[in-house]
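Here's the structure we're looking at; comments come further down.
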Amino acid sequence: MTTTDTRYTRADFQSGQEVRWCPGCGDYTILASVQNFLAELDVDREKHVFVSGIGCASRFPYYMNTYGMHSIHGRAPAIATGVALANPDLTVWVITGDGDGLSIGGNHLIHALRRNVNLKILLFNNQIYGLTKGQYSPTSELGKRTKTSPAGSVDYPFNPVSLALGAEATFVARTIDMDRPHTTEMLRAAYEHRGTAFIEIYQNCNVFNDKAFQLLTGRQERDANRIYLHPGEPIVFGADNEMGITVGLDGAKIVKVADVGMDSIAVHDPAKPNPGVSFLLSRLSHGPTGPTPIGIFRQVQRETYGDLMNAQIEAAKERNANASISELVSQHGTWKVE
Amino acid sequence: MTTTDTRYTRADFQSGQEVRWCPGCGDYTILASVQNFLAELDVDREKHVFVSGIGCASRFPYYMNTYGMHSIHGRAPAIATGVALANPDLTVWVITGDGDGLSIGGNHLIHALRRNVNLKILLFNNQIYGLTKGQYSPTSELGKRTKTSPAGSVDYPFNPVSLALGAEATFVARTIDMDRPHTTEMLRAAYEHRGTAFIEIYQNCNVFNDKAFQLLTGRQERDANRIYLHPGEPIVFGADNEMGITVGLDGAKIVKVADVGMDSIAVHDPAKPNPGVSFLLSRLSHGPTGPTPIGIFRQVQRETYGDLMNAQIEAAKERNANASISELVSQHGTWKVE
Amino acid sequence: MQEETLSPPEPPEQLDRVVIRFAGDSGDGMQLAGTRFTETSAAFGNDLATFPSFPAEIRAPQGTLAGVSSFQVHIADWDILTHGDQADVLVAMNPAALKANLREVVPGGLILANEDAFDDRNLEKAGYEKSPLSDGSLSGYHVLTAPMEKLTKIAVKDSGVTGRAVLRSKNFFALGLISWMFNRPTEPILDWVKKKFGEDNPVAKANLEAFRAGFNFGNTTEEFHHTFEVAPAKLPPGEYANITGNQALAWGLVAAARAAGLSLFLGSYPITPATSILEEIARLKHFDVKTFQAEDEIAGVGVALGAAFAGHLAVTTTSGPGVSLKGETLSLALMTELPLVLVDVQRAGPSTGLPTKVEQSDLMMALHGRHGEAPLPVLAPASPSDAFEVAREAARIAIKYMTPVILLSDGYLANGAEPWRIPDFDNLPDFDISFATEPNGPDGEFLPYMRNEETMARPWAIPGTPGLEHRVGGLEKEALTGNVSYDPDNHEFMTEQRAAKIAGIANDIPEAEAEGPDEAKLLVVSWGSTFGAVRAGVNNATVAGYPTAHLHLRYLNPLPRNLGEVLDSYQQILIPELNRGQLAAVLRAAYLVPTVSLSKVQGAPFMANEITKKIIDLIEDAS
Amino acid sequence: MQEETLSPPEPPEQLDRVVIRFAGDSGDGMQLAGTRFTETSAAFGNDLATFPSFPAEIRAPQGTLAGVSSFQVHIADWDILTHGDQADVLVAMNPAALKANLREVVPGGLILANEDAFDDRNLEKAGYEKSPLSDGSLSGYHVLTAPMEKLTKIAVKDSGVTGRAVLRSKNFFALGLISWMFNRPTEPILDWVKKKFGEDNPVAKANLEAFRAGFNFGNTTEEFHHTFEVAPAKLPPGEYANITGNQALAWGLVAAARAAGLSLFLGSYPITPATSILEEIARLKHFDVKTFQAEDEIAGVGVALGAAFAGHLAVTTTSGPGVSLKGETLSLALMTELPLVLVDVQRAGPSTGLPTKVEQSDLMMALHGRHGEAPLPVLAPASPSDAFEVAREAARIAIKYMTPVILLSDGYLANGAEPWRIPDFDNLPDFDISFATEPNGPDGEFLPYMRNEETMARPWAIPGTPGLEHRVGGLEKEALTGNVSYDPDNHEFMTEQRAAKIAGIANDIPEAEAEGPDEAKLLVVSWGSTFGAVRAGVNNATVAGYPTAHLHLRYLNPLPRNLGEVLDSYQQILIPELNRGQLAAVLRAAYLVPTVSLSKVQGAPFMANEITKKIIDLIEDAS
Ligand SMILES: Cc1ncc(C[n+]2csc(CCOP(=O)(O)OP(=O)(O)O)c2C)c(N)n1
Ligand SMILES: Cc1ncc(C[n+]2csc(CCOP(=O)(O)OP(=O)(O)O)c2C)c(N)n1
Ligand code: SF4
Ligand code: SF4
Ligand SMILES: [Mg+2]
Ligand SMILES: [Mg+2]
């Protein structure tokens, strides 16, 4: 995409630090998507803050020529919450991994989601611990053999989209590193969402978990497996949109459109106040092992924590203009000693 | 219920420690329900272990004449996981509160649920921090005024049932302290479930959050607001079962049975492999502020973490009978110095 | 108005000090009675110190020892230092209160018992076989009894309060009786009741009537003919308010933010005995403060760190177990060199320990409770009112030196109150703070780790500032640029710089000054809330002919720059601590001086006489 | 078979020791080459010590300084102590490897370079303007070059490996050349390749051919005419295996569980450099071990504590940041008095610091990183093989005294290897452990806090045992019953008991014994992984005419009971530490002895000569 009519180019968002992911890592692609998107966005560079935890993905802030903090493992949502509440003018991005965000950081993540703090959370899900060299993560499939699960993992994985919906998230989406236009679309929607926006990004770790997303990225396989969710449109997929989704008492189901007729295909509406159907869609796959929905699952407005907090502060200030420390300390009564 | 044909009476499960909740606290009722249930159950007393965190609810183990640990704030699911995995013959109960289990302990809770460790988790939800004298909790309603939210809470609450379902729980139920027969029924179902069983128990804190569950416990109100879920039966409620639940594209809805006809009323099936409909039901209320489902939302079989782990260990032992330390340390080769 | 008639008939006996303890069941309103008595004494002009003590349970069973709640207040006509080692007067509302508190009453002290509560049931609950009021076991005390419940019932019969609620006013009966006995001004109490409940409220009426009944009971009952008076203290002139340690911390932090021209951001998770700081600050939104009740302690310090990065005065408050959880994030704050104040209101440990009781056992954790070489400033207030100044000081150091700072208060300071001479806020110095706005490097570059020459602080460049975009993080930083650096020499250099920055704060804090007679050869060194008891104990020893000096440390890291010299100039060093010798270990390692520790780990503060006794023993042994 | 013909033509020069460093890009297989060289040297009978060094990134960009990986091995015909201060031989697979490692080569040392990699692109990536192989800058070294890539390509052309994969074998070419030069037995290497890949596998063939090509290149190329030999060391007789610190810990823990007759339960969360302990134990399910990869460090220690309660030998492994998180749970383990071993494989801090580098800066945290009075035993192994025994010892103490124990290893021990004389397992003592099965109280009651008279340990009564139902927890425990107790005296009593129990372990560990000449007036005190360098440095000083004694501490808490006496018998005490003086502070506080610290905080181990130099300086200064 061209950026001639904006102030910025991608280079303006590249920090001097050498990018040090493994050659071929999906993180490069996401970095490029984000940098290009921010250049297009044309928002003052100093207004962006990237906060991350620890992991390969979490090195991200170092490569962004914006404000940033490469914090500690799992705590980025909490730290970012502090940044966002302290200064509502900033756009605060959280970069996290499946280990960082769902294992050690799971609690901060679900609390940020329910509070609806104004954060944009990008969870790079490579279904593995990359930085520590290949242990299974909370999104690794059952039976996965890694160094810490030599006989196969016995940890049933999370479905990050389901978890986010269960945690009262107002914006939940999924995209794929390799699908750059879609990634950009999701970034834009997240940016425009007021509140916590959560995007799960399927990211290939070609060193420790190569081809985990092959079904969604392989030339041969991807058409049959990417279920794009477009608001207001019936949910269909396949090379010729021959497949579709119905939603009913047994959950969401994959059907041949021809078998049920287009009218029975569910029309996607991420803005439903009730997250129930979004949740049903999230259950279509429990990982990228078959047809998998990609796109925005849920996108609703709810007042943000920050806005509610600031309204209380403003109201208090109005009621109590010129509050002084002397008054404060005298409120329960004082006496004079002459 | 009579216990004459069992070895135990309630007294056998009462420890010598004086029970020290505030008079009128719902915790007393739950304690009685649990003690009576265990007496009925007729399982060796020493096979029960109660592990709790910190909070009023978490004093529970002290009052049980079983093994127990009153641990630290939020960590009970982790500690209990260790107990359960170390000794599969035990029945391990986790007692936690809405603060203990959903605030500081949220991560351990969701991970226990996804792993399906063989634990029975009783979350006493009084929508307040009792022990620390009345601050809002992650289940307190928006706008609640407490000592730490004098202008009203701006924290959008969790729905514990939704959260548990989003976290891949295999057994999720809700009951009410005052409804002792129902509590017992839920305890029994949880006990019989192999895997992590999660029960949210609405518990009245008459000191800091009195009447939070009035709609479900008040003589006047309760019939109109308790939606009992009975497996295999249509979901109806009201004094004359005049109200019912339908499930459709817009989620679960409350309807007059007369308006839609009994055939349109959803038949409850907690054993559906897909948790979608259970989730829809959980969205009928976001707290006890109107008609609220009570009962088992989900109950499915999935291999437990412990069983899978033990199978791997047994298989390894079989393959490697009589493994010796000498062999272990020699596996990469040794040499002799004469 | 009727109040004016409430005055005692004969001239009261003058006392220079008295310690009164109100004790009853936790439902009996003893904290309220004590607080009201304190406030009226403060208004009267006494110096005072208080010591509330709560049961650990929210509501322990009524009438049991576990349920006893007490409030001790020490009033004097001079500048007192402690809440009093033992009580001169014990108000016992039931047998359990008597039993639980008797060992805290001076021999020959006055016991004022609510005789109505000494029935068989209550006696049994308290574990008495016979009534101590009649079995002679209290012969070493002066015992007075009053049928407080009966008289309260009668007094409130027209108030509109009925049923069991009637008895709730019996604390006001007791308060009235004690107020009469100690010749207190009644207006402050009566006014408070009216203001609190509304003049026409039945509860207000009941309380007022009960109070008057108690007052009149003293007035008219022969047994109570004798009254006492403690004259106003000759405190330095000024305006005074009563203040608890947690209030002082809350207000001091708000004042610090004002002084710095910053918004205050408090990220916290409730925990006894720190919670009320959060609760107090949450009420102060009109001071542009943000409070965030986090999901846990780690998030509490995490949000605070984020807010610090974004330019707020960031604070996190907690108690011991919470500090154990915050170490990793504190370590990040230290590496990113961002200002942050961590308040630890210490309680008795380890683990959950005795959550409502005092201890000073987190000092070593404050100094060392993080992985790696991670030195931080540590400060501790000496008294509730000192906590205001120390809160400001902690914030000043955090901002000036771009470092997390640990403030060690404790459960004794948290709830204890004392009169505080309100400072002249206009003349308190503002903090000199400036965010970076311009590049500071040679080629118009911004160098986030270029240090101020004097303070060694790095610049505070907050997000939103154009041109200063930079990244911080937990990996070792390259000097100047702040880029990630794996260079061995840089790591050593930065480790030394971080240490030197903290050590250098010693030049920005007062020198240590021991107080006491010149001939003293024994120095007592203390820190934190033991100040009052230790100072009183030292004074008493000196008066008793054992000249002793006292040095109280407000700064635990860095230590005052002349401390080694001061310690070297004494022959004996005694270090009383509510732990097993933590400060002693620090001083021994730093200065290789022999020390004697006086340890107390009972969840209770020192008594002055414990200090005095130890001093005398030591001096006797040495001579 | 062809191998037999691979032997050098002229008799080799005899050396008593040599240090060889393999260095290349992290994709070049240097760790593999180094490990194979080590194994064949071990089989040959040399004593040896290794030091692998990895880049911090998973895959730093190829050819850059950040991407350099190296493996140093020290082989000798005598009992060596360190991996060698500097390398005698550097194998440099590319310019970056040369640049990054040159300062670690002895003056006049041999540099063996892969000349094919010194092209313009690689030179630029490494920051060279001209090729150091030709610009004279290496004139202080002996430089040999070989076209390793070209020759490798030729050698493997019939192996079946094609394309870019061909070059993967060049590490075997280098290994062959070095093996020839140092007269190593080739069978162990050739056998290993065949076993690892399968004899007919193309990769095996390629590696074998590349190895032979390297070996033959030495044999036939004039430049390489000279070869060396390091004779087998005269190690104590026995069976030996090569062992790294993390392997030793893993195996030691498994052995400890066997000795105790318990199942091992490891609750852990991956973190560098501790992860491989979890990875190793996860493979050992046939030893009835359970490993649990927890959601975080808190859960890791939490599950372990639960397993301890249920009667397993419970362990949690981590590194610095993880310990910062585990403090609260450790405090609970201490209060509940349950056995638990926490292994901290220290890395350079604070915060994320330098995660792959060594440091000893967690000692103070191990001793004090918890709220309240919370003393715990702390042990540290001296070398990879010592780690096996220390793991057993930590478990023994934990179980015998019913306490959590902290074992402080570090990143240097974790990956470094040395030959280990395999103990005679049949003769290692079993641990004496018995679960409680019967009530121990007067009336058939079970008293969970009734202490063993000798050890002061409480009974271990595990769930499932009829009649011993009891509750433990974090609130202060009443002596004997373990019920919750708020009694002040009980709290002090229990605090003292917990401290006395740990202090009493001093009677169950060996006395401190300094080694060195009688005339030594200077004592060097060390702990942990610095053992080898310190011992070598002390020996060298003594040999150089500066008689010096050495005391290495395996037990950091409690300290050996005679330590004070030992320290007092020297005039000077030098304490070298990879931190800023943490042990020094401990010893100064405990014994009031003056100490001199030698600190190194560079993410790297000591070199022996750093120790020697400091010793000589100190002795010179004192005389
Ligand atoms: C407190 C703490 N525990 C553990 C680690 C080690 N650690 C660093 S990153 C990581 C997991 C990373 O996995 P993920 O978040 O999926 O990121 P990825 O590397 O796959 O992008 C772990 C366990 C740490 N740095 N800090
Ligand atoms: C680490 C730690 N943080 C905070 C506390 C203080 N604390 C004890 S219980 C509690 C909340 C209890 O709420 P909940 O779990 O809802 O239990 P309830 O008392 O309502 O039954 C808190 C904040 C603590 N004990 N430990
Ligand atoms: S290890 Fe995997 S996730 Fe990490 S940088 Fe390499 S390819 Fe990417
Ligand atoms: S505070 Fe509330 S929850 Fe706690 S014991 Fe009292 S009534 Fe029960
Ligand atoms: Mg990952
Ligand atoms: Mg609660």
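For the structure tokens, the naming scheme is as follows: chains receive sequential letters (A, B, ...) according to their order of presentation, residues are indexed from 1 within each chain, and ligands are indexed from 1 in presentation order.
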
Practice item. Could you list the residues in chain A lying within 8 Å of chain D, using only C-alpha atoms, and format the result as a PyMOL selection string? Key: chain A and resi 20-23+72+103-104+130-133+135+147-151

With N, CA and C atoms retained, export the selected residues as a short mmCIF file (atom, residue, chain, number, x, y, z; two decimals), in the first residue's frame.
data_model
loop_
_atom_site.label_atom_id
_atom_site.label_comp_id
_atom_site.auth_asym_id
_atom_site.auth_seq_id
_atom_site.Cartn_x
_atom_site.Cartn_y
_atom_site.Cartn_z
N ARG A 20 16.31 -9.48 15.47
CA ARG A 20 17.05 -10.70 15.75
C ARG A 20 16.18 -11.94 15.93
N TRP A 21 15.12 -12.04 15.18
CA TRP A 21 14.40 -13.30 15.21
C TRP A 21 15.09 -14.28 14.26
N CYS A 22 14.74 -15.54 14.35
CA CYS A 22 15.30 -16.51 13.43
C CYS A 22 14.85 -16.15 12.02
N PRO A 23 15.72 -16.37 11.07
CA PRO A 23 15.29 -16.16 9.67
C PRO A 23 14.06 -17.01 9.39
N ILE A 72 8.41 -7.80 31.94
CA ILE A 72 8.75 -9.12 32.44
C ILE A 72 7.64 -10.09 32.07
N SER A 103 -0.08 -18.35 29.67
CA SER A 103 0.41 -19.18 30.75
C SER A 103 0.63 -18.28 31.97
N ILE A 104 1.79 -17.73 32.10
CA ILE A 104 2.08 -16.93 33.30
C ILE A 104 1.22 -15.67 33.37
N GLY A 130 8.92 -20.27 22.27
CA GLY A 130 10.05 -20.12 21.36
C GLY A 130 11.33 -19.76 22.10
N LEU A 131 11.27 -18.70 22.85
CA LEU A 131 12.50 -18.15 23.44
C LEU A 131 13.24 -19.15 24.31
N THR A 132 12.50 -19.98 25.01
CA THR A 132 13.18 -20.96 25.86
C THR A 132 13.44 -22.27 25.11
N LYS A 133 13.26 -22.22 23.81
CA LYS A 133 13.70 -23.28 22.90
C LYS A 133 12.83 -24.52 22.89
N GLN A 135 9.38 -25.64 24.43
CA GLN A 135 8.52 -26.43 25.31
C GLN A 135 7.06 -26.19 24.89
N LYS A 147 10.39 -30.95 24.44
CA LYS A 147 11.43 -31.34 25.40
C LYS A 147 10.88 -31.57 26.79
N THR A 148 9.82 -30.87 27.14
CA THR A 148 9.25 -31.10 28.47
C THR A 148 8.07 -32.06 28.43
N SER A 149 7.72 -32.51 27.26
CA SER A 149 6.65 -33.51 27.15
C SER A 149 7.12 -34.59 26.19
N PRO A 150 8.18 -35.29 26.57
CA PRO A 150 8.75 -36.26 25.63
C PRO A 150 7.78 -37.39 25.29
N ALA A 151 6.82 -37.65 26.17
CA ALA A 151 5.84 -38.69 25.85
C ALA A 151 4.54 -38.09 25.32
#

Kindly provide, as a compact mmCIF listing (two decimals) with N, CA and C atoms, in the first residue's frame, all nucleotide and amino acid residues lying within 6 Å of ligand 5, counting only C-alpha atoms and all ligand atoms.
# COMPACT_ATOMS: atom_id res chain seq x y z
N GLY A 97 2.88 -13.43 23.83
CA GLY A 97 2.90 -14.74 23.18
C GLY A 97 1.92 -15.68 23.86
N ASP A 98 1.82 -16.89 23.34
CA ASP A 98 0.90 -17.85 23.95
C ASP A 98 1.38 -18.27 25.33
N GLY A 99 2.67 -18.24 25.55
CA GLY A 99 3.18 -18.53 26.88
C GLY A 99 3.04 -17.30 27.77
N ASN A 125 0.40 -16.27 18.64
CA ASN A 125 0.24 -17.66 19.05
C ASN A 125 1.01 -18.57 18.10
N ASN A 126 2.15 -19.06 18.56
CA ASN A 126 2.89 -20.05 17.76
C ASN A 126 2.79 -21.44 18.38
N GLN A 127 1.94 -21.55 19.39
CA GLN A 127 1.68 -22.84 20.04
C GLN A 127 2.96 -23.48 20.58
N ILE A 128 3.87 -22.65 21.04
CA ILE A 128 5.13 -23.18 21.58
C ILE A 128 5.82 -22.07 22.37
N TYR A 129 6.70 -22.45 23.28
CA TYR A 129 7.60 -21.48 23.88
C TYR A 129 8.82 -21.37 22.98
N GLY A 130 8.92 -20.27 22.27
CA GLY A 130 10.05 -20.12 21.36
C GLY A 130 11.33 -19.76 22.10

What residues in chain A have any atom no more than 6 Å from chain B when counting only C-alpha atoms, and can you write them as an mmCIF file with all heavy atoms, in the first residue's frame?
data_model
loop_
_atom_site.group_PDB
_atom_site.id
_atom_site.type_symbol
_atom_site.label_atom_id
_atom_site.label_comp_id
_atom_site.auth_asym_id
_atom_site.auth_seq_id
_atom_site.Cartn_x
_atom_site.Cartn_y
_atom_site.Cartn_z
ATOM 1 N N GLY A 106 -1.912 -15.230 32.166
ATOM 2 C CA GLY A 106 -3.334 -15.436 31.903
ATOM 3 C C GLY A 106 -4.250 -14.572 32.749
ATOM 4 O O GLY A 106 -5.261 -14.050 32.265
ATOM 5 N N ASN A 107 -3.902 -14.404 33.988
ATOM 6 C CA ASN A 107 -4.794 -13.657 34.868
ATOM 7 C C ASN A 107 -4.858 -12.185 34.484
ATOM 8 O O ASN A 107 -5.937 -11.591 34.435
ATOM 9 C CB ASN A 107 -4.338 -13.802 36.324
ATOM 10 C CG ASN A 107 -5.491 -13.637 37.299
ATOM 11 O OD1 ASN A 107 -6.630 -13.991 36.985
ATOM 12 N ND2 ASN A 107 -5.209 -13.093 38.465
ATOM 13 N N ARG A 114 -11.951 -8.024 30.924
ATOM 14 C CA ARG A 114 -13.230 -7.711 31.560
ATOM 15 C C ARG A 114 -13.306 -6.224 31.891
ATOM 16 O O ARG A 114 -14.359 -5.607 31.808
ATOM 17 C CB ARG A 114 -13.441 -8.570 32.808
ATOM 18 C CG ARG A 114 -12.713 -8.110 34.044
ATOM 19 C CD ARG A 114 -13.167 -8.901 35.282
ATOM 20 N NE ARG A 114 -12.293 -8.631 36.396
ATOM 21 C CZ ARG A 114 -12.527 -7.699 37.335
ATOM 22 N NH1 ARG A 114 -13.618 -6.964 37.303
ATOM 23 N NH2 ARG A 114 -11.664 -7.507 38.306
ATOM 24 N N ARG A 115 -12.176 -5.620 32.229
ATOM 25 C CA ARG A 115 -12.207 -4.198 32.603
ATOM 26 C C ARG A 115 -12.404 -3.299 31.395
ATOM 27 O O ARG A 115 -12.780 -2.152 31.526
ATOM 28 C CB ARG A 115 -10.907 -3.812 33.288
ATOM 29 C CG ARG A 115 -10.752 -4.392 34.669
ATOM 30 C CD ARG A 115 -9.641 -3.695 35.430
ATOM 31 N NE ARG A 115 -9.422 -4.354 36.701
ATOM 32 C CZ ARG A 115 -8.370 -5.113 37.012
ATOM 33 N NH1 ARG A 115 -7.418 -5.292 36.121
ATOM 34 N NH2 ARG A 115 -8.273 -5.678 38.185
ATOM 35 N N VAL A 154 0.035 -33.705 28.073
ATOM 36 C CA VAL A 154 -1.264 -34.132 28.603
ATOM 37 C C VAL A 154 -2.088 -32.922 29.049
ATOM 38 O O VAL A 154 -3.084 -33.051 29.739
ATOM 39 C CB VAL A 154 -1.090 -35.124 29.783
ATOM 40 C CG1 VAL A 154 -0.388 -36.389 29.298
ATOM 41 C CG2 VAL A 154 -0.326 -34.515 30.938
ATOM 42 N N ASP A 155 -1.647 -31.743 28.648
ATOM 43 C CA ASP A 155 -2.322 -30.480 28.985
ATOM 44 C C ASP A 155 -3.335 -30.119 27.913
ATOM 45 O O ASP A 155 -2.948 -29.691 26.822
ATOM 46 C CB ASP A 155 -1.287 -29.350 29.001
ATOM 47 C CG ASP A 155 -0.751 -29.041 30.372
ATOM 48 O OD1 ASP A 155 -0.285 -29.976 31.027
ATOM 49 O OD2 ASP A 155 -0.803 -27.866 30.757
ATOM 50 N N TYR A 156 -4.598 -30.215 28.215
ATOM 51 C CA TYR A 156 -5.614 -29.816 27.242
ATOM 52 C C TYR A 156 -5.488 -28.315 26.980
ATOM 53 O O TYR A 156 -5.463 -27.523 27.916
ATOM 54 C CB TYR A 156 -6.996 -30.153 27.793
ATOM 55 C CG TYR A 156 -8.086 -30.039 26.763
ATOM 56 C CD1 TYR A 156 -8.310 -31.068 25.857
ATOM 57 C CD2 TYR A 156 -8.877 -28.897 26.692
ATOM 58 C CE1 TYR A 156 -9.306 -30.966 24.912
ATOM 59 C CE2 TYR A 156 -9.879 -28.787 25.740
ATOM 60 C CZ TYR A 156 -10.095 -29.831 24.853
ATOM 61 O OH TYR A 156 -11.074 -29.731 23.911
ATOM 62 N N SER A 162 -12.177 -18.423 22.710
ATOM 63 C CA SER A 162 -13.204 -18.802 23.693
ATOM 64 C C SER A 162 -12.886 -18.202 25.058
ATOM 65 O O SER A 162 -13.763 -17.691 25.761
ATOM 66 C CB SER A 162 -13.269 -20.326 23.855
ATOM 67 O OG SER A 162 -13.620 -20.958 22.660
ATOM 68 N N LEU A 163 -11.632 -18.283 25.434
ATOM 69 C CA LEU A 163 -11.250 -17.762 26.735
ATOM 70 C C LEU A 163 -11.528 -16.264 26.820
ATOM 71 O O LEU A 163 -12.090 -15.780 27.807
ATOM 72 C CB LEU A 163 -9.764 -18.032 26.994
ATOM 73 C CG LEU A 163 -9.271 -17.598 28.375
ATOM 74 C CD1 LEU A 163 -9.894 -18.455 29.477
ATOM 75 C CD2 LEU A 163 -7.745 -17.671 28.461
ATOM 76 N N GLY A 166 -15.171 -15.695 27.164
ATOM 77 C CA GLY A 166 -15.611 -16.041 28.516
ATOM 78 C C GLY A 166 -15.200 -14.991 29.536
ATOM 79 O O GLY A 166 -15.762 -14.908 30.618
ATOM 80 N N ALA A 167 -14.200 -14.206 29.160
ATOM 81 C CA ALA A 167 -13.694 -13.183 30.082
ATOM 82 C C ALA A 167 -14.269 -11.808 29.783
ATOM 83 O O ALA A 167 -13.718 -10.803 30.185
ATOM 84 C CB ALA A 167 -12.168 -13.154 30.039
ATOM 85 N N GLY A 251 -24.756 -25.901 18.469
ATOM 86 C CA GLY A 251 -23.574 -25.098 18.251
ATOM 87 C C GLY A 251 -23.463 -24.706 16.796
ATOM 88 O O GLY A 251 -24.426 -24.807 16.036
ATOM 89 N N GLY A 276 -22.862 -14.985 22.894
ATOM 90 C CA GLY A 276 -23.120 -16.409 22.731
ATOM 91 C C GLY A 276 -22.750 -16.943 21.367
ATOM 92 O O GLY A 276 -22.029 -17.947 21.253
ATOM 93 N N LEU A 280 -19.995 -19.642 20.022
ATOM 94 C CA LEU A 280 -20.257 -20.836 19.217
ATOM 95 C C LEU A 280 -19.291 -20.902 18.041
ATOM 96 O O LEU A 280 -18.740 -21.955 17.721
ATOM 97 C CB LEU A 280 -21.692 -20.827 18.698
ATOM 98 C CG LEU A 280 -22.798 -20.946 19.745
ATOM 99 C CD1 LEU A 280 -24.164 -20.988 19.056
ATOM 100 C CD2 LEU A 280 -22.607 -22.185 20.601
ATOM 101 N N TYR A 305 -12.873 1.244 31.156
ATOM 102 C CA TYR A 305 -12.471 1.491 32.539
ATOM 103 C C TYR A 305 -11.958 2.916 32.690
ATOM 104 O O TYR A 305 -12.341 3.643 33.605
ATOM 105 C CB TYR A 305 -11.375 0.491 32.914
ATOM 106 C CG TYR A 305 -10.992 0.524 34.370
ATOM 107 C CD1 TYR A 305 -11.484 -0.418 35.264
ATOM 108 C CD2 TYR A 305 -10.120 1.494 34.863
ATOM 109 C CE1 TYR A 305 -11.130 -0.393 36.608
ATOM 110 C CE2 TYR A 305 -9.762 1.530 36.197
ATOM 111 C CZ TYR A 305 -10.272 0.588 37.061
ATOM 112 O OH TYR A 305 -9.919 0.624 38.386
#

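Among C:Val106, C:Val315, C:Ala274, C:Ala382, the residue with the shortest atom-to-atom distance to ligand 2, counting only C-alpha atoms and all ligand atoms, is C:Ala274.
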
**Study point:** Cα RMSD of chain D after least-squares fit onto chain C, all atoms paired in order
**Key:** 0.1 Å

Check your understanding: Taking the backbone alone, and naming residues the way the document does, which bits of segment 379-552 of chain D are strand (DSSP E or B) by DSSP, as a ChimeraX atom specification?
Key -> /D:379,404-410,417-421,449,471-473,475,477,480,484,515,522-527,548-552

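In this model, the gap between atom CA of Trp527 of chain D and atom CA of Ile243 of chain D comes to 20.0 Å.
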
Practice item. Within 12 Å of Gly244 of chain A, counting only C-alpha atoms, which residues show up once you throw out same-chain ones fewer than 2 positions away? Write them as a PyMOL selection string, please. Key: chain A and resi 224-229+233-242+246-247+252-268+281+284+291-293

Exercise for review: Please provide as an MDAnalysis selection string all residues within 8 Å of Gly467 of chain D, with the sequence filter that same-chain residues fewer than 4 positions apart are discarded (counting only C-alpha atoms).
Suggested key: (chainID B and resid 46) or (chainID D and resid 438:439 446)

Go ahead and write the residues just picked, C-alpha atoms, as a CSV table (one decimal), in the first residue's frame.
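again-v6.csv was written with the following content:
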chain,number,residue,atom,x,y,z
B,46,GLU,CA,-8.9,-39.7,55.6
D,438,GLU,CA,0.0,-43.4,64.7
D,439,PRO,CA,-1.3,-40.7,67.0
D,446,PHE,CA,-2.5,-36.6,66.8
